[in-house]
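Structure data (TSV, N, CA and C atoms) from target30.tsv:
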chain	number	residue	atom	x	y	z
A	267	GLN	N	-22.73	259.46	255.62
A	267	GLN	CA	-23.74	259.95	254.70
A	267	GLN	C	-23.06	260.58	253.49
A	268	VAL	N	-23.45	260.12	252.31
A	268	VAL	CA	-22.87	260.64	251.07
A	268	VAL	C	-23.72	261.78	250.56
A	269	GLN	N	-23.09	262.86	250.17
A	269	GLN	CA	-23.79	263.99	249.59
A	269	GLN	C	-23.40	264.15	248.12
A	270	LEU	N	-24.42	264.41	247.31
A	270	LEU	CA	-24.24	264.61	245.87
A	270	LEU	C	-24.85	265.95	245.49
A	271	VAL	N	-24.10	266.77	244.78
A	271	VAL	CA	-24.58	268.09	244.40
A	271	VAL	C	-24.47	268.26	242.89
A	272	GLU	N	-25.65	268.34	242.25
A	272	GLU	CA	-25.69	268.49	240.80
A	272	GLU	C	-25.69	269.96	240.41
A	273	SER	N	-25.22	270.23	239.22
A	273	SER	CA	-25.27	271.57	238.64
A	273	SER	C	-25.25	271.46	237.13
A	274	GLY	N	-25.63	272.54	236.45
A	274	GLY	CA	-25.54	272.58	235.00
A	274	GLY	C	-26.84	272.44	234.25
A	275	GLY	N	-27.94	272.25	234.95
A	275	GLY	CA	-29.22	272.16	234.27
A	275	GLY	C	-29.64	273.50	233.71
A	276	GLY	N	-30.72	273.50	232.93
A	276	GLY	CA	-31.22	274.73	232.36
A	276	GLY	C	-32.15	274.47	231.21
A	277	SER	N	-32.40	275.52	230.45
A	277	SER	CA	-33.30	275.44	229.30
A	277	SER	C	-32.51	275.60	228.02
A	278	VAL	N	-32.86	274.81	227.02
A	278	VAL	CA	-32.16	274.85	225.74
A	278	VAL	C	-33.14	274.45	224.64
A	279	GLN	N	-32.87	274.91	223.44
A	279	GLN	CA	-33.70	274.52	222.31
A	279	GLN	C	-33.28	273.15	221.79
A	280	ALA	N	-34.20	272.49	221.14
A	280	ALA	CA	-33.90	271.18	220.55
A	280	ALA	C	-32.68	271.28	219.64
A	281	GLY	N	-31.83	270.27	219.76
A	281	GLY	CA	-30.58	270.26	219.00
A	281	GLY	C	-29.40	270.84	219.76
A	282	GLY	N	-29.69	271.49	220.87
A	282	GLY	CA	-28.64	272.11	221.66
A	282	GLY	C	-27.95	271.14	222.59
A	283	SER	N	-27.05	271.69	223.41
A	283	SER	CA	-26.24	270.87	224.31
A	283	SER	C	-26.26	271.46	225.72
A	284	LEU	N	-26.09	270.58	226.69
A	284	LEU	CA	-25.90	270.97	228.08
A	284	LEU	C	-24.91	269.99	228.70
A	285	ARG	N	-24.22	270.46	229.74
A	285	ARG	CA	-23.31	269.60	230.49
A	285	ARG	C	-23.67	269.67	231.97
A	286	LEU	N	-24.01	268.52	232.52
A	286	LEU	CA	-24.31	268.41	233.94
A	286	LEU	C	-23.07	267.96	234.71
A	287	SER	N	-22.96	268.43	235.93
A	287	SER	CA	-21.88	268.01	236.81
A	287	SER	C	-22.46	267.53	238.12
A	288	CYS	N	-21.74	266.63	238.77
A	288	CYS	CA	-22.16	266.13	240.08
A	288	CYS	C	-20.93	265.95	240.95
A	289	ALA	N	-20.85	266.72	242.02
A	289	ALA	CA	-19.75	266.59	242.97
A	289	ALA	C	-20.19	265.69	244.11
A	290	ALA	N	-19.36	264.71	244.45
A	290	ALA	CA	-19.72	263.70	245.45
A	290	ALA	C	-18.79	263.75	246.65
A	291	SER	N	-19.38	263.51	247.83
A	291	SER	CA	-18.57	263.43	249.04
A	291	SER	C	-18.15	261.99	249.33
A	292	ALA	N	-18.58	261.06	248.47
A	292	ALA	CA	-18.27	259.64	248.67
A	292	ALA	C	-16.75	259.41	248.68
A	293	ARG	N	-16.28	258.65	249.68
A	293	ARG	CA	-14.86	258.35	249.79
A	293	ARG	C	-14.67	256.87	250.13
A	294	PRO	N	-13.72	256.16	249.50
A	294	PRO	CA	-12.98	256.67	248.37
A	294	PRO	C	-13.86	256.70	247.12
A	295	PHE	N	-13.79	257.75	246.39
A	295	PHE	CA	-14.67	257.96	245.23
A	295	PHE	C	-14.57	256.81	244.24
A	296	SER	N	-13.37	256.27	244.09
A	296	SER	CA	-13.15	255.20	243.12
A	296	SER	C	-13.87	253.92	243.48
A	297	SER	N	-14.40	253.81	244.70
A	297	SER	CA	-15.13	252.62	245.12
A	297	SER	C	-16.62	252.68	244.81
A	298	TYR	N	-17.04	253.75	244.17
A	298	TYR	CA	-18.46	253.95	243.92
A	298	TYR	C	-18.78	253.91	242.42
A	299	VAL	N	-19.88	253.23	242.13
A	299	VAL	CA	-20.47	253.30	240.80
A	299	VAL	C	-21.31	254.56	240.76
A	300	MET	N	-21.08	255.39	239.77
A	300	MET	CA	-21.79	256.66	239.67
A	300	MET	C	-22.79	256.61	238.50
A	301	GLY	N	-23.82	257.41	238.59
A	301	GLY	CA	-24.80	257.38	237.51
A	301	GLY	C	-25.68	258.61	237.45
A	302	TRP	N	-26.35	258.71	236.34
A	302	TRP	CA	-27.37	259.73	236.12
A	302	TRP	C	-28.70	259.05	235.82
A	303	TYR	N	-29.74	259.55	236.45
A	303	TYR	CA	-31.11	259.12	236.21
A	303	TYR	C	-31.94	260.35	235.89
A	304	ARG	N	-33.12	260.13	235.34
A	304	ARG	CA	-34.01	261.27	235.08
A	304	ARG	C	-35.45	260.88	235.32
A	305	GLN	N	-36.24	261.88	235.66
A	305	GLN	CA	-37.67	261.67	235.89
A	305	GLN	C	-38.44	262.78	235.21
A	306	ALA	N	-39.23	262.37	234.23
A	306	ALA	CA	-40.09	263.30	233.52
A	306	ALA	C	-41.43	263.38	234.25
A	307	PRO	N	-42.19	264.47	234.06
A	307	PRO	CA	-43.49	264.59	234.73
A	307	PRO	C	-44.40	263.40	234.43
A	308	GLY	N	-44.95	262.82	235.46
A	308	GLY	CA	-45.86	261.71	235.29
A	308	GLY	C	-45.21	260.38	234.99
A	309	LYS	N	-43.89	260.33	235.01
A	309	LYS	CA	-43.18	259.09	234.70
A	309	LYS	C	-42.28	258.69	235.87
A	310	GLU	N	-41.89	257.43	235.85
A	310	GLU	CA	-40.98	256.93	236.88
A	310	GLU	C	-39.55	257.36	236.57
A	311	ARG	N	-38.75	257.38	237.63
A	311	ARG	CA	-37.34	257.68	237.46
A	311	ARG	C	-36.68	256.57	236.65
A	312	ALA	N	-35.84	256.97	235.68
A	312	ALA	CA	-35.25	255.99	234.76
A	312	ALA	C	-33.76	256.23	234.61
A	313	LEU	N	-33.07	255.14	234.36
A	313	LEU	CA	-31.63	255.21	234.16
A	313	LEU	C	-31.28	255.99	232.89
A	314	VAL	N	-30.28	256.84	232.99
A	314	VAL	CA	-29.72	257.51	231.81
A	314	VAL	C	-28.37	256.87	231.47
A	315	ALA	N	-27.48	256.84	232.46
A	315	ALA	CA	-26.14	256.28	232.22
A	315	ALA	C	-25.48	255.99	233.55
A	316	THR	N	-24.61	255.00	233.56
A	316	THR	CA	-23.77	254.71	234.72
A	316	THR	C	-22.33	254.56	234.28
A	317	ILE	N	-21.42	254.74	235.25
A	317	ILE	CA	-20.00	254.63	234.95
A	317	ILE	C	-19.28	254.01	236.13
A	318	MET	N	-18.44	253.01	235.82
A	318	MET	CA	-17.67	252.33	236.85
A	318	MET	C	-16.41	253.15	237.14
A	319	SER	N	-15.71	252.75	238.18
A	319	SER	CA	-14.52	253.50	238.58
A	319	SER	C	-13.45	253.51	237.50
A	320	GLY	N	-13.38	252.44	236.71
A	320	GLY	CA	-12.38	252.37	235.65
A	320	GLY	C	-12.78	253.10	234.38
A	321	GLY	N	-14.04	253.58	234.34
A	321	GLY	CA	-14.46	254.36	233.19
A	321	GLY	C	-15.43	253.67	232.25
A	322	SER	N	-15.68	252.37	232.46
A	322	SER	CA	-16.63	251.71	231.58
A	322	SER	C	-18.03	252.25	231.86
A	323	ALA	N	-18.77	252.47	230.78
A	323	ALA	CA	-20.06	253.15	230.88
A	323	ALA	C	-21.17	252.33	230.27
A	324	ASN	N	-22.38	252.60	230.76
A	324	ASN	CA	-23.58	251.95	230.25
A	324	ASN	C	-24.63	253.04	230.03
A	325	TYR	N	-25.37	252.95	228.91
A	325	TYR	CA	-26.33	253.98	228.55
A	325	TYR	C	-27.71	253.40	228.27
A	326	ALA	N	-28.72	254.19	228.55
A	326	ALA	CA	-30.06	253.86	228.08
A	326	ALA	C	-30.08	253.98	226.56
A	327	ASP	N	-30.87	253.13	225.92
A	327	ASP	CA	-30.92	253.15	224.46
A	327	ASP	C	-31.31	254.53	223.92
A	328	SER	N	-32.16	255.22	224.65
A	328	SER	CA	-32.70	256.50	224.17
A	328	SER	C	-31.65	257.60	224.11
A	329	VAL	N	-30.51	257.42	224.77
A	329	VAL	CA	-29.50	258.47	224.79
A	329	VAL	C	-28.18	258.05	224.14
A	330	LYS	N	-28.09	256.80	223.74
A	330	LYS	CA	-26.85	256.32	223.12
A	330	LYS	C	-26.51	257.15	221.89
A	331	GLY	N	-25.23	257.54	221.80
A	331	GLY	CA	-24.77	258.33	220.68
A	331	GLY	C	-24.98	259.82	220.85
A	332	ARG	N	-25.75	260.22	221.87
A	332	ARG	CA	-25.99	261.65	222.11
A	332	ARG	C	-25.42	262.13	223.45
A	333	PHE	N	-25.47	261.27	224.44
A	333	PHE	CA	-25.00	261.61	225.79
A	333	PHE	C	-23.70	260.88	226.08
A	334	THR	N	-22.83	261.52	226.86
A	334	THR	CA	-21.59	260.90	227.29
A	334	THR	C	-21.39	261.14	228.78
A	335	ILE	N	-21.24	260.05	229.52
A	335	ILE	CA	-20.96	260.15	230.95
A	335	ILE	C	-19.45	260.01	231.15
A	336	SER	N	-18.92	260.77	232.08
A	336	SER	CA	-17.49	260.67	232.39
A	336	SER	C	-17.28	260.96	233.87
A	337	ARG	N	-16.10	260.60	234.36
A	337	ARG	CA	-15.81	260.85	235.77
A	337	ARG	C	-14.37	261.30	235.92
A	338	ASP	N	-14.16	262.16	236.89
A	338	ASP	CA	-12.81	262.61	237.25
A	338	ASP	C	-12.60	262.17	238.70
A	339	ASN	N	-11.90	261.06	238.88
A	339	ASN	CA	-11.72	260.52	240.22
A	339	ASN	C	-10.89	261.44	241.12
A	340	ALA	N	-10.05	262.28	240.53
A	340	ALA	CA	-9.25	263.21	241.32
A	340	ALA	C	-10.10	264.34	241.88
A	341	LYS	N	-11.19	264.67	241.17
A	341	LYS	CA	-12.07	265.76	241.59
A	341	LYS	C	-13.36	265.26	242.23
A	342	ASN	N	-13.50	263.94	242.35
A	342	ASN	CA	-14.73	263.36	242.93
A	342	ASN	C	-15.98	263.89	242.23
A	343	THR	N	-15.91	263.93	240.91
A	343	THR	CA	-16.98	264.53	240.13
A	343	THR	C	-17.28	263.69	238.91
A	344	ILE	N	-18.56	263.63	238.56
A	344	ILE	CA	-18.95	263.03	237.29
A	344	ILE	C	-19.64	264.09	236.44
A	345	TYR	N	-19.71	263.79	235.15
A	345	TYR	CA	-20.30	264.71	234.20
A	345	TYR	C	-21.25	263.96	233.27
A	346	LEU	N	-22.18	264.71	232.71
A	346	LEU	CA	-23.02	264.16	231.66
A	346	LEU	C	-23.09	265.21	230.55
A	347	GLN	N	-22.40	264.93	229.45
A	347	GLN	CA	-22.45	265.80	228.28
A	347	GLN	C	-23.64	265.37	227.43
A	348	MET	N	-24.56	266.28	227.23
A	348	MET	CA	-25.79	265.97	226.50
A	348	MET	C	-25.81	266.79	225.21
A	349	ASN	N	-25.75	266.10	224.09
A	349	ASN	CA	-25.79	266.76	222.78
A	349	ASN	C	-27.06	266.35	222.03
A	350	SER	N	-27.36	267.11	221.00
A	350	SER	CA	-28.54	266.82	220.17
A	350	SER	C	-29.78	266.60	221.03
A	351	LEU	N	-29.99	267.49	221.95
A	351	LEU	CA	-31.11	267.34	222.89
A	351	LEU	C	-32.44	267.40	222.19
A	352	LYS	N	-33.38	266.62	222.72
A	352	LYS	CA	-34.74	266.53	222.18
A	352	LYS	C	-35.73	266.95	223.25
A	353	PRO	N	-36.92	267.38	222.86
A	353	PRO	CA	-37.93	267.74	223.87
A	353	PRO	C	-38.21	266.59	224.85
A	354	GLU	N	-38.13	265.36	224.37
A	354	GLU	CA	-38.38	264.22	225.26
A	354	GLU	C	-37.28	263.98	226.28
A	355	ASP	N	-36.18	264.74	226.19
A	355	ASP	CA	-35.14	264.69	227.22
A	355	ASP	C	-35.48	265.57	228.42
A	356	THR	N	-36.55	266.34	228.31
A	356	THR	CA	-36.97	267.20	229.40
A	356	THR	C	-37.30	266.37	230.63
A	357	ALA	N	-36.64	266.70	231.75
A	357	ALA	CA	-36.83	265.93	232.98
A	357	ALA	C	-35.99	266.57	234.09
A	358	VAL	N	-36.23	266.09	235.31
A	358	VAL	CA	-35.29	266.37	236.40
A	358	VAL	C	-34.22	265.29	236.36
A	359	TYR	N	-32.98	265.70	236.33
A	359	TYR	CA	-31.86	264.77	236.25
A	359	TYR	C	-31.23	264.63	237.64
A	360	TYR	N	-31.07	263.37	238.05
A	360	TYR	CA	-30.53	263.08	239.37
A	360	TYR	C	-29.20	262.35	239.26
A	361	CYS	N	-28.27	262.78	240.08
A	361	CYS	CA	-27.00	262.08	240.23
A	361	CYS	C	-27.19	261.00	241.29
A	362	SER	N	-26.53	259.87	241.08
A	362	SER	CA	-26.64	258.77	242.02
A	362	SER	C	-25.31	258.08	242.19
A	363	CYS	N	-25.10	257.48	243.37
A	363	CYS	CA	-23.92	256.67	243.55
A	363	CYS	C	-24.24	255.47	244.43
A	364	ARG	N	-23.48	254.42	244.21
A	364	ARG	CA	-23.67	253.17	244.94
A	364	ARG	C	-22.29	252.55	245.13
A	365	ARG	N	-22.00	252.15	246.36
A	365	ARG	CA	-20.71	251.55	246.64
A	365	ARG	C	-20.64	250.19	245.95
A	366	ASN	N	-19.51	249.88	245.38
A	366	ASN	CA	-19.30	248.59	244.71
A	366	ASN	C	-19.72	247.44	245.62
A	367	GLY	N	-20.56	246.55	245.09
A	367	GLY	CA	-20.98	245.36	245.83
A	367	GLY	C	-22.19	245.56	246.70
A	368	LEU	N	-22.63	246.80	246.85
A	368	LEU	CA	-23.81	247.07	247.67
A	368	LEU	C	-24.97	247.51	246.78
A	369	THR	N	-26.17	247.53	247.36
A	369	THR	CA	-27.35	247.87	246.56
A	369	THR	C	-27.94	249.22	246.91
A	370	TYR	N	-27.51	249.84	247.99
A	370	TYR	CA	-28.12	251.11	248.41
A	370	TYR	C	-27.61	252.25	247.54
A	371	ASN	N	-28.55	253.04	247.02
A	371	ASN	CA	-28.21	254.19	246.19
A	371	ASN	C	-28.38	255.50	246.96
A	372	TYR	N	-27.41	256.37	246.82
A	372	TYR	CA	-27.55	257.74	247.31
A	372	TYR	C	-27.98	258.62	246.14
A	373	TRP	N	-28.73	259.69	246.46
A	373	TRP	CA	-29.27	260.56	245.42
A	373	TRP	C	-28.96	262.01	245.70
A	374	GLY	N	-28.77	262.77	244.61
A	374	GLY	CA	-28.69	264.20	244.70
A	374	GLY	C	-30.08	264.82	244.71
A	375	GLN	N	-30.13	266.14	244.75
A	375	GLN	CA	-31.42	266.83	244.85
A	375	GLN	C	-32.08	267.00	243.49
A	376	GLY	N	-31.32	266.79	242.42
A	376	GLY	CA	-31.87	266.90	241.08
A	376	GLY	C	-31.65	268.27	240.46
A	377	THR	N	-31.58	268.28	239.15
A	377	THR	CA	-31.45	269.53	238.40
A	377	THR	C	-32.35	269.44	237.17
A	378	GLN	N	-33.08	270.52	236.92
A	378	GLN	CA	-34.07	270.52	235.83
A	378	GLN	C	-33.40	270.77	234.48
A	379	VAL	N	-33.76	269.96	233.52
A	379	VAL	CA	-33.36	270.16	232.12
A	379	VAL	C	-34.62	270.30	231.30
A	380	THR	N	-34.75	271.39	230.57
A	380	THR	CA	-35.93	271.65	229.75
A	380	THR	C	-35.48	271.89	228.32
A	381	VAL	N	-36.02	271.10	227.40
A	381	VAL	CA	-35.68	271.22	225.99
A	381	VAL	C	-36.94	271.63	225.24
A	382	SER	N	-36.88	272.76	224.58
A	382	SER	CA	-38.04	273.26	223.84
A	382	SER	C	-37.88	272.99	222.34
A	383	SER	N	-39.02	272.80	221.70
A	383	SER	CA	-38.99	272.48	220.27
A	383	SER	C	-38.99	273.73	219.42

Output the file's structure as structure tokens, nothing else.
Amino acid sequence: QVQLVESGGGSVQAGGSLRLSCAASARPFSSYVMGWYRQAPGKERALVATIMSGGSANYADSVKGRFTISRDNAKNTIYLQMNSLKPEDTAVYYCSCRRNGLTYNYWGQGTQVTVSS
């Protein structure tokens, strides 16, 4: 069973920044695709960004140029640096991981991000 623990959420004004972290028990960590998703009230959970073990990343169009996903394979941790935050970024942010070649996703408990105008 893989455990994911997110941290770093909070409240910020529009234009501000936050950095989320996710520590994973997945081993070997480098064998997992890691990602961030978010779910706003009344909406479905949606992809924010994913990152492969080698560092290649994929972003939702809505966050390109503002958010940066990264991973530290030595610390079994991923990060999401969020800059120029907008009120529409308000959501619960979930860390996720999936072993390479498989389809099952593990999820963290989520962390709330609130952006006020």

From a DSSP pass on the backbone, collect the residues of chain A flagged as strand (DSSP E) and hand them back as an MDAnalysis selection string. chainID A and resid 270:273 276:279 284:290 298:305 312:317 323:325 333:338 343:348 357:365 372:373 377:382

Rounded to one decimal, what separation in Å do you get between CA of Leu313 (chain A) and CA of Pro294 (chain A)? 23.5 Å

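Taking only N, CA and C atoms, the non-local environment of region 314-327 of chain A within 6.5 Å (same-chain residues fewer than 5 positions away omitted) comprises Ser296, Ser297, Tyr298, Val299, Met300, Gly301, Trp302, Tyr303 and Arg304 of chain A.
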
Need to verify the contact set: Phe333 (chain A), 6.5 Å, only N, CA and C atoms, exclusion of same-chain residues closer than 2 positions in sequence. Can you return it as a PyMOL selection string? chain A and resi 329-331+335+346-349

Within 8 Å of (-41.5, 272.2, 224.3) (file coordinates; all atoms listed in the file), which protein or nucleic acid residues are there? I'd like them as an MDAnalysis selection string. chainID A and resid 280 352:354 380:383

Just give me the gap between CA of Val379 (chain A) and atom N of Leu286 (chain A) in Å, one decimal is fine. 9.5 Å

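Of note, CA of Thr377 (chain A) and CA of Ser287 (chain A) are spaced 9.8 Å apart.
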